[in-house]
Amino acid sequence: MVYDFTSRESERGRVVFALTLHRKRMTERVIIGRTVDVRQRLETKADVVYYDVTRPLGSLLLTFESDKTGVWNRNGDILRDSYGNTFPNEAERWKMAAPVSEFLRQKCKKGEPSAMFAAIHTWEDYLDCLHKIEEWQLVFRRCKACGKDFLAKSRHIELCSDECRKQQAAIAKREFDERAKGDRLEQLDEAAYYYWYNRLRKLRKGKAANSDAAASFKAAFDEYRKEAVRRKGAVKRRESQLAEYSEWLVQQQAEADRLMDANTRCNTLSK
Ligand SMILES: [Zn+2]
């Protein structure tokens with residue numbers, strides 16, 4: 001019987017490696033198969049095992065499969081990725097696993113029992129893992145906070161642990177505060193701008209219009225704008241505090257009032 005590496009149904013971990021050493025005959029016998037079949041084989045010669053060979057004693061140790069070139073590891077990595085890292089859909093996953101299944105099949109065909117057993121077990125473990133995940137209805141997710149891959153009970157779970165949940169909540173709060181601060185900065189800036197602008201308009205138009213006063217007020221307004229842009233930038237870059245900026249705006253508004261007062265007084269005097 002040949003182990004089927006294209007199978008998507010595992011033997012559910014029942015494949016065993018039975019080794020019998022014979023001292024007098026100087027032989028070793030290896031049987032690989034499902035537990036129940038190996039037992040039967042030993043009693044009744046049932047022909048359903050994957051491997052049953054009697055060789056000179058020591059053959060197993062002398063020819064034991066090793067992984068000098070790392071090819072086993074590479075294939076193992078592919079299997080792991082096929083249901084771990086990239087979370088492909090089922091068709092994609094089998095496509096990824098297909099070359100590994102072929103590699104394992106070739107290893108099995110060579111007839112070296114240690115390699116054969118490792119190949120069968122690798123595939124069995126892979127299938128078992130998939131079935132359990134399916135059976136328990138778990139899904140692979142990548143944690144939004146730490147980037148680690150993990151198994152979750154539903155697609156809606158985005159964080160792998162309490163620690164990451166706490167961390168994410170802290171980030172959300174910080175972002176919220178940051179946004180609120182940004183909004184407040186814009187509000188203050190806009191209000192202050194119109195404070196100046198409305199006064200300038202009064203000097204330009206309306207009953208108290210005065211072109212000289214408007215020109216000097218405009219110059220002060222321009223100065224103020226330049227400085228306001230600089231200070232606003234500093235708050236955005238967290239080089240200064242919002243409260244500091246707000247205080248400065250109030251001072252500047254007092255300055256605007258002072259200029260207005262001086263101008264209206266001139267106006268009254270000149271009349
Ligand atoms: Zn995490």
# chains A, B, ... in the order shown; residues from 1 in each chain; ligands from 1

$ residues_near_ligand --ligand "ligand 1" --cutoff "8 Å" --atoms "only C-alpha atoms and all ligand atoms" --output "ChimeraX atom specification"
/A:142-148,159-161,163-165

$ select_by_dssp --residues "region 33-148 of chain A" --states "strand (DSSP E)" --output "PyMOL selection string"
chain A and resi 33-34+51-56+139-142

$ atom_distance --atom1 "CA of Gly33 (chain A)" --atom2 "CA of Ser10 (chain A)"
12.8 Å

$ residues_around --residues "Gly233 (chain A)" --least-positions-apart "5" --cutoff "12 Å" --atoms "only C-alpha atoms" --output "JSON, numbers by chain"
{"A": [182, 185, 186, 189, 226, 227, 228, 238, 239, 240, 241, 242, 245]}

$ closest_residue --among "A:Phe217, A:Phe5, A:Phe150, A:Phe17" --to "Thr122 (chain A)" --atoms "only C-alpha atoms"
A:Phe5

$ select_by_dssp --residues "region 2-251 of chain A" --states "helix (DSSP H, G or I)" --output "PyMOL selection string"
chain A and resi 35-44+59-62+71-83+90-109+113-135+162-204+211-236+242-251
